[in-house]
file final29.pdb (PDB, C-alpha atoms and all ligand atoms)
MODEL        1
ATOM      1  CA  MET A   1      98.490  82.548  99.321
ATOM      2  CA  GLY A   2      96.242  82.932  96.341
ATOM      3  CA  LEU A   3      98.393  85.446  94.477
ATOM      4  CA  ARG A   4      97.671  85.913  90.834
ATOM      5  CA  ILE A   5     100.150  87.231  88.305
ATOM      6  CA  ILE A   6      98.254  89.608  86.019
ATOM      7  CA  GLY A   7     100.638  89.799  83.081
ATOM      8  CA  PRO A   8     104.154  88.957  81.984
ATOM      9  CA  VAL A   9     106.589  89.262  84.864
ATOM     10  CA  GLU A  10     109.957  90.603  83.849
ATOM     11  CA  GLN A  11     113.145  90.189  85.834
ATOM     12  CA  ALA A  12     113.909  93.580  87.350
ATOM     13  CA  PRO A  13     117.371  95.032  87.739
ATOM     14  CA  SER A  14     119.072  94.397  91.094
ATOM     15  CA  SER A  15     116.815  91.365  91.595
ATOM     16  CA  LEU A  16     113.778  93.438  92.505
ATOM     17  CA  ARG A  17     110.643  91.457  91.780
ATOM     18  CA  THR A  18     108.307  93.449  89.594
ATOM     19  CA  GLY A  19     104.617  93.138  88.949
ATOM     20  CA  PRO A  20     102.026  93.275  87.802
ATOM     21  CA  VAL A  21     100.874  91.073  90.619
ATOM     22  CA  ALA A  22      97.532  91.024  92.401
ATOM     23  CA  VAL A  23      97.580  91.056  96.184
ATOM     24  CA  LYS A  24      94.702  90.708  98.606
ATOM     25  CA  ILE A  25      94.046  93.375 101.189
ATOM     26  CA  LEU A  26      94.310  91.750 104.618
ATOM     27  CA  ARG A  27      93.512  94.740 106.800
ATOM     28  CA  THR A  28      92.678  98.426 106.548
ATOM     29  CA  ALA A  29      92.613 101.096 109.236
ATOM     30  CA  TYR A  30      92.478 104.875 109.361
ATOM     31  CA  ILE A  31      95.504 106.050 111.340
ATOM     32  CA  THR A  32      94.704 109.767 110.979
ATOM     33  CA  PRO A  33      91.456 111.396 109.756
ATOM     34  CA  ASP A  34      92.601 111.097 106.115
ATOM     35  CA  ALA A  35      95.445 108.547 106.065
ATOM     36  CA  LYS A  36      94.421 104.938 105.546
ATOM     37  CA  GLN A  37      96.794 102.067 106.241
ATOM     38  CA  PHE A  38      96.569  99.016 103.987
ATOM     39  CA  THR A  39      98.154  95.708 104.958
ATOM     40  CA  VAL A  40      98.378  93.415 101.936
ATOM     41  CA  GLU A  41      99.804  90.033 101.001
ATOM     42  CA  ARG A  42     103.510  89.948 100.167
ATOM     43  CA  PRO A  43     104.206  87.970  96.998
ATOM     44  CA  PRO A  44     106.932  85.362  97.511
ATOM     45  CA  GLY A  45     110.364  86.857  96.778
ATOM     46  CA  PHE A  46     108.995  90.405  96.583
ATOM     47  CA  LYS A  47     111.866  92.737  97.483
ATOM     48  CA  PHE A  48     112.230  96.471  97.962
ATOM     49  CA  GLU A  49     114.672  98.840  99.601
ATOM     50  CA  PRO A  50     113.330 100.973 102.469
ATOM     51  CA  GLY A  51     112.090 104.214 100.927
ATOM     52  CA  GLN A  52     111.029 102.681  97.634
ATOM     53  CA  ALA A  53     107.593 102.732  96.066
ATOM     54  CA  THR A  54     105.494 100.892  93.504
ATOM     55  CA  MET A  55     102.701 101.781  91.144
ATOM     56  CA  VAL A  56      99.405 100.555  92.587
ATOM     57  CA  ALA A  57      96.055  99.988  90.903
ATOM     58  CA  ILE A  58      92.743  98.692  92.187
ATOM     59  CA  ASN A  59      92.028  95.218  90.809
ATOM     60  CA  ARG A  60      88.547  95.983  89.534
ATOM     61  CA  ASP A  61      87.116  96.593  86.098
ATOM     62  CA  GLY A  62      87.629 100.204  85.110
ATOM     63  CA  TRP A  63      90.408 100.776  87.665
ATOM     64  CA  ARG A  64      93.326  98.536  86.582
ATOM     65  CA  ASP A  65      94.777 101.178  84.253
ATOM     66  CA  ARG A  66      94.648 103.956  86.799
ATOM     67  CA  LYS A  67      97.995 103.400  88.516
ATOM     68  CA  ARG A  68      99.283 105.638  91.265
ATOM     69  CA  PRO A  69     102.640 105.601  93.121
ATOM     70  CA  PHE A  70     102.664 104.586  96.792
ATOM     71  CA  THR A  71     105.541 103.774  99.134
ATOM     72  CA  PHE A  72     106.056 100.588 101.145
ATOM     73  CA  THR A  73     105.960 101.433 104.842
ATOM     74  CA  ASN A  74     106.498  97.945 106.281
ATOM     75  CA  HIS A  75     109.845  96.742 107.558
ATOM     76  CA  ARG A  76     111.780  95.161 104.683
ATOM     77  CA  THR A  77     111.577  91.685 106.234
ATOM     78  CA  ALA A  78     107.892  91.848 107.257
ATOM     79  CA  ARG A  79     105.650  88.995 106.104
ATOM     80  CA  ARG A  80     103.153  91.497 104.749
ATOM     81  CA  LEU A  81     103.397  94.663 102.732
ATOM     82  CA  GLU A  82     101.952  97.884 104.082
ATOM     83  CA  PHE A  83     101.015 101.237 102.591
ATOM     84  CA  ILE A  84      99.858 104.437 104.249
ATOM     85  CA  ILE A  85      97.743 106.371 101.812
ATOM     86  CA  LYS A  86      96.341 109.853 102.109
ATOM     87  CA  ILE A  87      92.809 109.969 100.753
ATOM     88  CA  TYR A  88      91.817 112.913  98.550
ATOM     89  CA  PRO A  89      88.008 112.799  98.138
ATOM     90  CA  ASP A  90      88.031 116.016  96.086
ATOM     91  CA  HIS A  91      90.352 114.587  93.392
ATOM     92  CA  HIS A  92      87.664 112.021  92.423
ATOM     93  CA  GLY A  93      90.567 109.729  91.591
ATOM     94  CA  VAL A  94      92.151 106.525  92.846
ATOM     95  CA  THR A  95      92.552 107.484  96.502
ATOM     96  CA  LYS A  96      88.846 108.303  96.735
ATOM     97  CA  GLU A  97      88.130 104.749  95.554
ATOM     98  CA  LEU A  98      90.826 103.297  97.840
ATOM     99  CA  ALA A  99      88.871 104.808 100.731
ATOM    100  CA  LEU A 100      86.065 102.351  99.937
ATOM    101  CA  LEU A 101      88.230  99.204  99.820
ATOM    102  CA  ARG A 102      88.205  96.630 102.599
ATOM    103  CA  LYS A 103      89.714  93.316 103.604
ATOM    104  CA  GLY A 104      89.361  90.833 100.747
ATOM    105  CA  ASP A 105      89.540  93.422  97.948
ATOM    106  CA  GLU A 106      92.623  93.338  95.713
ATOM    107  CA  LEU A 107      95.314  95.736  94.561
ATOM    108  CA  VAL A 108      97.706  95.288  91.658
ATOM    109  CA  LEU A 109     101.369  96.127  92.342
ATOM    110  CA  GLU A 110     103.770  97.060  89.570
ATOM    111  CA  ASP A 111     107.507  97.772  89.431
ATOM    112  CA  VAL A 112     109.449  98.775  92.495
ATOM    113  CA  PHE A 113     111.191 102.136  92.151
ATOM    114  CA  GLY A 114     112.212 105.228  94.075
ATOM    115  CA  ALA A 115     114.910 107.792  94.575
ATOM    116  CA  ILE A 116     114.888 107.898  98.349
ATOM    117  CA  THR A 117     117.183 105.369  99.984
ATOM    118  CA  TYR A 118     119.261 105.748 103.110
ATOM    119  CA  GLN A 119     122.678 107.290 102.461
ATOM    120  CA  GLY A 120     123.814 107.827 106.053
ATOM    121  CA  PRO A 121     122.756 109.730 109.191
ATOM    122  CA  GLY A 122     120.912 112.925 108.485
ATOM    123  CA  PHE A 123     117.895 115.144 108.808
ATOM    124  CA  PHE A 124     114.582 113.913 107.404
ATOM    125  CA  ILE A 125     111.979 116.535 106.479
ATOM    126  CA  ALA A 126     108.463 115.487 105.472
ATOM    127  CA  GLY A 127     105.364 117.359 104.405
ATOM    128  CA  GLY A 128     102.212 115.397 105.345
ATOM    129  CA  ALA A 129     102.016 111.985 103.664
ATOM    130  CA  GLY A 130     105.537 112.645 102.343
ATOM    131  CA  VAL A 131     106.696 110.908 105.491
ATOM    132  CA  THR A 132     105.943 107.453 104.022
ATOM    133  CA  PRO A 133     109.403 106.710 102.547
ATOM    134  CA  PHE A 134     110.918 107.629 105.897
ATOM    135  CA  VAL A 135     108.696 105.137 107.735
ATOM    136  CA  SER A 136     110.381 102.019 106.381
ATOM    137  CA  ILE A 137     113.844 103.647 106.410
ATOM    138  CA  LEU A 138     113.531 104.603 110.091
ATOM    139  CA  ARG A 139     111.908 101.287 111.031
ATOM    140  CA  ASP A 140     114.845  99.535 109.379
ATOM    141  CA  LEU A 141     117.420 101.666 111.214
ATOM    142  CA  ASN A 142     115.555 101.135 114.475
ATOM    143  CA  ARG A 143     115.646  97.371 114.022
ATOM    144  CA  LYS A 144     119.407  97.585 113.340
ATOM    145  CA  LYS A 145     119.869  99.965 116.302
ATOM    146  CA  GLU A 146     121.344 102.556 113.928
ATOM    147  CA  LEU A 147     118.973 105.459 114.516
ATOM    148  CA  LYS A 148     121.603 107.577 116.240
ATOM    149  CA  GLY A 149     122.391 110.782 114.382
ATOM    150  CA  ASN A 150     119.030 110.911 112.583
ATOM    151  CA  THR A 151     116.304 113.506 113.106
ATOM    152  CA  LEU A 152     112.797 113.585 111.671
ATOM    153  CA  LEU A 153     110.909 116.854 111.168
ATOM    154  CA  VAL A 154     107.309 116.586 109.986
ATOM    155  CA  SER A 155     104.970 119.332 108.901
ATOM    156  CA  ASN A 156     101.247 118.711 109.237
ATOM    157  CA  ARG A 157      98.084 120.741 109.420
ATOM    158  CA  THR A 158      97.255 119.730 112.997
ATOM    159  CA  ALA A 159      98.448 117.261 115.667
ATOM    160  CA  MET A 160      95.703 114.837 114.577
ATOM    161  CA  ASP A 161      97.275 114.572 111.116
ATOM    162  CA  VAL A 162     100.674 113.333 112.291
ATOM    163  CA  ILE A 163     101.291 109.868 110.842
ATOM    164  CA  LEU A 164     102.628 107.294 113.356
ATOM    165  CA  ASP A 165     103.139 109.957 116.021
ATOM    166  CA  GLU A 166     103.467 107.451 118.871
ATOM    167  CA  GLU A 167     105.867 105.168 117.020
ATOM    168  CA  PHE A 168     108.165 107.996 115.926
ATOM    169  CA  THR A 169     108.132 109.507 119.415
ATOM    170  CA  LYS A 170     109.147 106.144 120.868
ATOM    171  CA  MET A 171     111.807 105.604 118.208
ATOM    172  CA  LEU A 172     113.354 109.058 118.043
ATOM    173  CA  GLY A 173     112.417 110.836 121.290
ATOM    174  CA  ARG A 174     113.656 114.417 121.132
ATOM    175  CA  ASN A 175     114.829 113.877 117.568
ATOM    176  CA  PHE A 176     111.205 113.734 116.398
ATOM    177  CA  LEU A 177     110.136 117.309 115.634
ATOM    178  CA  LYS A 178     106.710 118.554 114.574
ATOM    179  CA  VAL A 179     105.469 121.754 112.997
ATOM    180  CA  PHE A 180     101.768 122.489 112.549
ATOM    181  CA  THR A 181     100.512 124.773 109.828
ATOM    182  CA  ARG A 182      96.979 125.011 111.216
ATOM    183  CA  GLN A 183      96.655 124.110 114.847
ATOM    184  CA  ASN A 184      93.418 125.092 116.510
ATOM    185  CA  VAL A 185      94.794 124.607 119.967
ATOM    186  CA  ILE A 186      95.631 127.546 122.188
ATOM    187  CA  GLY A 187      99.337 127.634 122.955
ATOM    188  CA  PHE A 188     100.477 126.207 119.612
ATOM    189  CA  ARG A 189     102.067 128.499 117.086
ATOM    190  CA  GLU A 190     100.822 128.007 113.567
ATOM    191  CA  ARG A 191     103.613 128.142 111.068
ATOM    192  CA  ARG A 192     105.225 126.569 108.058
ATOM    193  CA  ILE A 193     108.798 125.318 107.919
ATOM    194  CA  ASP A 194     110.733 128.477 107.190
ATOM    195  CA  ARG A 195     114.337 129.621 107.273
ATOM    196  CA  ASP A 196     114.224 130.552 110.969
ATOM    197  CA  ILE A 197     112.850 127.134 111.944
ATOM    198  CA  LEU A 198     115.553 125.398 109.921
ATOM    199  CA  ILE A 199     118.302 127.492 111.515
ATOM    200  CA  ALA A 200     116.919 126.776 114.982
ATOM    201  CA  LEU A 201     116.350 123.055 114.505
ATOM    202  CA  VAL A 202     119.046 121.878 112.127
ATOM    203  CA  GLN A 203     122.173 123.565 113.472
ATOM    204  CA  ASP A 204     124.554 121.426 111.376
ATOM    205  CA  PHE A 205     123.997 121.809 107.637
ATOM    206  CA  ASP A 206     126.907 119.540 106.770
ATOM    207  CA  GLN A 207     124.862 116.332 106.820
ATOM    208  CA  HIS A 208     122.461 114.382 104.623
ATOM    209  CA  PHE A 209     119.007 115.841 104.136
ATOM    210  CA  TYR A 210     116.086 113.684 103.081
ATOM    211  CA  VAL A 211     113.104 115.670 101.841
ATOM    212  CA  CYS A 212     109.703 114.383 100.729
ATOM    213  CA  GLY A 213     106.333 116.019 100.155
ATOM    214  CA  SER A 214     104.466 117.891  97.448
ATOM    215  CA  GLU A 215     106.475 119.369  94.586
ATOM    216  CA  GLU A 216     106.077 122.820  96.084
ATOM    217  CA  PHE A 217     107.173 121.591  99.538
ATOM    218  CA  VAL A 218     110.277 119.830  98.224
ATOM    219  CA  SER A 219     111.511 122.726  96.100
ATOM    220  CA  HIS A 220     110.832 125.240  98.888
ATOM    221  CA  ILE A 221     112.693 123.195 101.524
ATOM    222  CA  ASN A 222     115.568 122.279  99.185
ATOM    223  CA  GLY A 223     115.994 125.935  98.213
ATOM    224  CA  MET A 224     116.254 127.002 101.859
ATOM    225  CA  LEU A 225     118.630 124.142 102.732
ATOM    226  CA  LEU A 226     120.992 124.983  99.888
ATOM    227  CA  ASP A 227     120.871 128.631 100.846
ATOM    228  CA  LEU A 228     121.811 127.708 104.402
ATOM    229  CA  GLY A 229     124.853 125.732 103.297
ATOM    230  CA  ALA A 230     123.596 122.177 102.689
ATOM    231  CA  ARG A 231     125.538 120.314  99.993
ATOM    232  CA  SER A 232     123.442 119.609  96.916
ATOM    233  CA  ALA A 233     125.034 116.152  96.583
ATOM    234  CA  TRP A 234     123.763 115.336 100.064
ATOM    235  CA  LEU A 235     120.144 116.233  99.338
ATOM    236  CA  VAL A 236     118.044 113.108  98.858
ATOM    237  CA  PHE A 237     114.528 113.909  97.764
ATOM    238  CA  GLU A 238     111.417 112.817  95.965
ATOM    239  CA  ARG A 239     108.232 114.642  95.151
ATOM    240  CA  SER A 240     105.156 112.767  96.382
TER     241      SER A 240
HETATM  242  C1  LIG B 301     107.193 108.081  94.335
HETATM  243  C2  LIG B 301     105.910 108.492  95.021
HETATM  244  C3  LIG B 301     105.509 107.835  96.160
HETATM  245  C4  LIG B 301     104.310 108.195  96.803
HETATM  246  N1  LIG B 301     103.949 107.547  97.947
HETATM  247  C5  LIG B 301     102.822 107.900  98.588
HETATM  248  C6  LIG B 301     102.419 107.238  99.793
HETATM  249  O1  LIG B 301     103.072 106.309 100.273
HETATM  250  N2  LIG B 301     101.276 107.643 100.384
HETATM  251  C7  LIG B 301     100.514 108.672  99.887
HETATM  252  O2  LIG B 301      99.493 109.003 100.489
HETATM  253  N3  LIG B 301     100.856 109.295  98.747
HETATM  254  C8  LIG B 301     101.972 108.937  98.085
HETATM  255  N4  LIG B 301     102.302 109.558  96.915
HETATM  256  C9  LIG B 301     101.344 110.536  96.353
HETATM  257  C10 LIG B 301     100.200 109.776  95.670
HETATM  258  O3  LIG B 301     100.714 109.068  94.567
HETATM  259  C11 LIG B 301      99.056 110.699  95.231
HETATM  260  O4  LIG B 301      98.494 111.289  96.352
HETATM  261  C12 LIG B 301      98.008 109.906  94.487
HETATM  262  O5  LIG B 301      98.522 109.543  93.234
HETATM  263  C13 LIG B 301      96.728 110.705  94.313
HETATM  264  O6  LIG B 301      95.894 109.957  93.461
HETATM  265  P1  LIG B 301      94.400 110.363  93.133
HETATM  266  O7  LIG B 301      93.994 109.537  91.956
HETATM  267  O8  LIG B 301      93.528 110.265  94.339
HETATM  268  O9  LIG B 301      94.454 111.857  92.768
HETATM  269  P2  LIG B 301      95.300 112.574  91.590
HETATM  270  O10 LIG B 301      95.816 111.622  90.619
HETATM  271  O11 LIG B 301      96.255 113.512  92.262
HETATM  272  O12 LIG B 301      94.203 113.441  90.977
HETATM  273  C14 LIG B 301      93.147 112.943  90.222
HETATM  274  C15 LIG B 301      92.532 114.131  89.523
HETATM  275  O13 LIG B 301      92.090 115.108  90.506
HETATM  276  C16 LIG B 301      92.364 116.419  90.061
HETATM  277  N5  LIG B 301      93.157 117.127  91.096
HETATM  278  C17 LIG B 301      94.488 117.068  91.279
HETATM  279  N6  LIG B 301      94.862 117.835  92.304
HETATM  280  C18 LIG B 301      93.717 118.393  92.783
HETATM  281  C19 LIG B 301      93.424 119.276  93.855
HETATM  282  N7  LIG B 301      94.390 119.767  94.632
HETATM  283  N8  LIG B 301      92.136 119.599  94.080
HETATM  284  C20 LIG B 301      91.148 119.115  93.307
HETATM  285  N9  LIG B 301      91.363 118.277  92.270
HETATM  286  C21 LIG B 301      92.627 117.929  92.020
HETATM  287  C22 LIG B 301      93.096 116.317  88.758
HETATM  288  O14 LIG B 301      92.168 116.590  87.738
HETATM  289  C23 LIG B 301      93.538 114.878  88.672
HETATM  290  O15 LIG B 301      93.538 114.368  87.361
HETATM  291  C24 LIG B 301     103.499 109.221  96.265
HETATM  292  C25 LIG B 301     103.903 109.880  95.098
HETATM  293  C26 LIG B 301     105.102 109.529  94.488
HETATM  294  C27 LIG B 301     105.529 110.245  93.246
ENDMDL
END
call {"tool": "encode", "arguments": {"input": "final29.pdb", "output": "structure tokens", "more": "lines below"}}
Ligand SMILES: Cc1cc2nc3c(=O)[nH]c(=O)nc-3n(C[C@H](O)[C@H](O)[C@H](O)COP(=O)(O)OP(=O)(O)OC[C@H]3O[C@@H](n4cnc5c(N)ncnc54)[C@H](O)[C@@H]3O)c2cc1C
result
Amino acid sequence: MGLRIIGPVEQAPSSLRTGPVAVKILRTAYITPDAKQFTVERPPGFKFEPGQATMVAINRDGWRDRKRPFTFTNHRTARRLEFIIKIYPDHHGVTKELALLRKGDELVLEDVFGAITYQGPGFFIAGGAGVTPFVSILRDLNRKKELKGNTLLVSNRTAMDVILDEEFTKMLGRNFLKVFTRQNVIGFRERRIDRDILIALVQDFDQHFYVCGSEEFVSHINGMLLDLGARSAWLVFERS
């Protein structure tokens, strides 16, 4: 497969294969105006739990030290690894450069890590690209026919920004909920996830809540959930 180990490979706890390992990009595609999907080689024996992430660098001079965390979105048994990455041109950082990469270019993957793993049926709440850990978790549950009892609520600027809209709609049907903060379409209400929305949509606060998004998003949502009676031990979250 032409994989090259970049440095010493240490045995990770719980048999997770760690990098650094270089992988070739096999395919790229924009799936929303600013989210780019990367399909890359999967090193032999490379394992991760749905919801986990790895540090990623671009395998080019001047970029190998600039590592950023990204979450695997492929199904855990897929032959290839996949990432969905929101590009921030105004940060002049790694994602701006990732926007320029194509098939044949290489990434370097590091250790596998992450706080978000499936703990049982619950309510998933994502802000923008914060949905990525939920992609592989929900794909995994779908494959095992265990989606029942799970709901996904995503918050995006507009309908165009919803990541994997079609797939989630097919998977979850009425349990896929969307809120738009800036929708320029007549008939849509523009709003953020607030207390009233949570009361209307969640109904049962005695369940697991999975929350992922910006630091501000996660602390805002967690605060409201706790206030509404969610158990802190049942809050599973990560700041993206
Ligand atoms: C565990 C984890 C998993 C993640 N998984 C994913 C994922 O799967 N997909 C995904 O898209 N993202 C994910 N993220 C978020 C992702 O890591 C960041 O979006 C990414 O690191 C941004 O890198 P960057 O170099 O482009 O910009 P940054 O590193 O954010 O910024 C580079 C520089 O830009 C400047 N800057 C920062 N913020 C702003 C701003 N708002 N405006 C202007 N300039 C700014 C700063 O000077 C900064 O040094 C994850 C994060 C975590 C913690």
call {"tool": "closest_atom_pairs", "arguments": {"input": "final29.pdb", "of": "chain A", "to": "ligand LIG 301 (chain B)", "cutoff": "7 Å", "atoms": "all atoms listed in the file", "output": "JSON lines"}}
result
{"residue": "A:Ala35", "atom": "CA", "partner": "B:LIG301", "partner_atom": "O2", "distance": 6.9}
{"residue": "A:Ala53", "atom": "CA", "partner": "B:LIG301", "partner_atom": "C3", "distance": 5.5}
{"residue": "A:Arg68", "atom": "CA", "partner": "B:LIG301", "partner_atom": "O5", "distance": 4.4}
{"residue": "A:Pro69", "atom": "CA", "partner": "B:LIG301", "partner_atom": "O3", "distance": 4.2}
{"residue": "A:Phe70", "atom": "CA", "partner": "B:LIG301", "partner_atom": "N1", "distance": 3.4}
{"residue": "A:Thr71", "atom": "CA", "partner": "B:LIG301", "partner_atom": "O1", "distance": 3.7}
{"residue": "A:Phe72", "atom": "CA", "partner": "B:LIG301", "partner_atom": "O1", "distance": 6.5}
{"residue": "A:Phe83", "atom": "CA", "partner": "B:LIG301", "partner_atom": "O1", "distance": 5.9}
{"residue": "A:Ile84", "atom": "CA", "partner": "B:LIG301", "partner_atom": "N2", "distance": 5.2}
{"residue": "A:Ile85", "atom": "CA", "partner": "B:LIG301", "partner_atom": "O2", "distance": 3.4}
{"residue": "A:Lys86", "atom": "CA", "partner": "B:LIG301", "partner_atom": "O2", "distance": 3.6}
{"residue": "A:Ile87", "atom": "CA", "partner": "B:LIG301", "partner_atom": "O8", "distance": 6.5}
{"residue": "A:Tyr88", "atom": "CA", "partner": "B:LIG301", "partner_atom": "O8", "distance": 5.3}
{"residue": "A:Asp90", "atom": "CA", "partner": "B:LIG301", "partner_atom": "C20", "distance": 5.2}
{"residue": "A:His91", "atom": "CA", "partner": "B:LIG301", "partner_atom": "O13", "distance": 3.4}
{"residue": "A:His92", "atom": "CA", "partner": "B:LIG301", "partner_atom": "O13", "distance": 5.7}
{"residue": "A:Gly93", "atom": "CA", "partner": "B:LIG301", "partner_atom": "O7", "distance": 3.5}
{"residue": "A:Val94", "atom": "CA", "partner": "B:LIG301", "partner_atom": "O7", "distance": 3.6}
{"residue": "A:Thr95", "atom": "CA", "partner": "B:LIG301", "partner_atom": "O8", "distance": 3.7}
{"residue": "A:Lys96", "atom": "CA", "partner": "B:LIG301", "partner_atom": "O8", "distance": 5.6}
{"residue": "A:Gly114", "atom": "CA", "partner": "B:LIG301", "partner_atom": "C1", "distance": 5.8}
{"residue": "A:Ala129", "atom": "CA", "partner": "B:LIG301", "partner_atom": "O2", "distance": 5.0}
{"residue": "A:Gly130", "atom": "CA", "partner": "B:LIG301", "partner_atom": "C5", "distance": 6.6}
{"residue": "A:Thr132", "atom": "CA", "partner": "B:LIG301", "partner_atom": "O1", "distance": 4.9}
{"residue": "A:Pro133", "atom": "CA", "partner": "B:LIG301", "partner_atom": "O1", "distance": 6.7}
{"residue": "A:Glu238", "atom": "CA", "partner": "B:LIG301", "partner_atom": "C1", "distance": 6.6}
{"residue": "A:Arg239", "atom": "CA", "partner": "B:LIG301", "partner_atom": "C27", "distance": 5.5}
{"residue": "A:Ser240", "atom": "CA", "partner": "B:LIG301", "partner_atom": "C25", "distance": 3.4}
call {"tool": "resolve_selection", "arguments": {"input": "final29.pdb", "expression": "the PyMOL selection byres (((chain A and resi 131) around 10) and not hetatm)", "output": "PyMOL selection string"}}
result
chain A and resi 51+71+73+84+124-130+132-136+152-155+162-164+211-213+240
call {"tool": "write_last_selection", "arguments": {"input": "final29.pdb", "atoms": "C-alpha atoms", "output": "PDB file, keeping the file's coordinate frame"}}
result
ATOM      1  CA  GLY A  51     112.090 104.214 100.927  1.00  0.00           C
ATOM      2  CA  THR A  71     105.541 103.774  99.134  1.00  0.00           C
ATOM      3  CA  THR A  73     105.960 101.433 104.842  1.00  0.00           C
ATOM      4  CA  ILE A  84      99.858 104.437 104.249  1.00  0.00           C
ATOM      5  CA  PHE A 124     114.582 113.913 107.404  1.00  0.00           C
ATOM      6  CA  ILE A 125     111.979 116.535 106.479  1.00  0.00           C
ATOM      7  CA  ALA A 126     108.463 115.487 105.472  1.00  0.00           C
ATOM      8  CA  GLY A 127     105.364 117.359 104.405  1.00  0.00           C
ATOM      9  CA  GLY A 128     102.212 115.397 105.345  1.00  0.00           C
ATOM     10  CA  ALA A 129     102.016 111.985 103.664  1.00  0.00           C
ATOM     11  CA  GLY A 130     105.537 112.645 102.343  1.00  0.00           C
ATOM     12  CA  THR A 132     105.943 107.453 104.022  1.00  0.00           C
ATOM     13  CA  PRO A 133     109.403 106.710 102.547  1.00  0.00           C
ATOM     14  CA  PHE A 134     110.918 107.629 105.897  1.00  0.00           C
ATOM     15  CA  VAL A 135     108.696 105.137 107.735  1.00  0.00           C
ATOM     16  CA  SER A 136     110.381 102.019 106.381  1.00  0.00           C
ATOM     17  CA  LEU A 152     112.797 113.585 111.671  1.00  0.00           C
ATOM     18  CA  LEU A 153     110.909 116.854 111.168  1.00  0.00           C
ATOM     19  CA  VAL A 154     107.309 116.586 109.986  1.00  0.00           C
ATOM     20  CA  SER A 155     104.970 119.332 108.901  1.00  0.00           C
ATOM     21  CA  VAL A 162     100.674 113.333 112.291  1.00  0.00           C
ATOM     22  CA  ILE A 163     101.291 109.868 110.842  1.00  0.00           C
ATOM     23  CA  LEU A 164     102.628 107.294 113.356  1.00  0.00           C
ATOM     24  CA  VAL A 211     113.104 115.670 101.841  1.00  0.00           C
ATOM     25  CA  CYS A 212     109.703 114.383 100.729  1.00  0.00           C
ATOM     26  CA  GLY A 213     106.333 116.019 100.155  1.00  0.00           C
ATOM     27  CA  SER A 240     105.156 112.767  96.382  1.00  0.00           C
TER      28      SER A 240
END
call {"tool": "residues_around", "arguments": {"input": "final29.pdb", "residues": "A:Leu225", "least_positions_apart": "4", "cutoff": "9 Å", "atoms": "all atoms listed in the file", "output": "ChimeraX atom specification"}}
result
/A:195,198,205,209,220-221,229-232,235
call {"tool": "resolve_selection", "arguments": {"input": "final29.pdb", "expression": "the PyMOL selection byres (((chain A and resi 151) around 12) and not hetatm)", "output": "JSON, numbers by chain"}}
result
{"A": [120, 121, 122, 123, 124, 125, 126, 134, 138, 147, 148, 149, 150, 152, 153, 154, 168, 169, 171, 172, 173, 174, 175, 176, 177, 178, 201, 202, 203, 204, 207, 208, 209, 210, 211]}
call {"tool": "resolve_selection", "arguments": {"input": "final29.pdb", "expression": "the PyMOL selection byres (((chain A and resi 64) around 12) and not hetatm)", "output": "PyMOL selection string"}}
result
chain A and resi 6-7+20-22+55-63+65-68+94+106-110
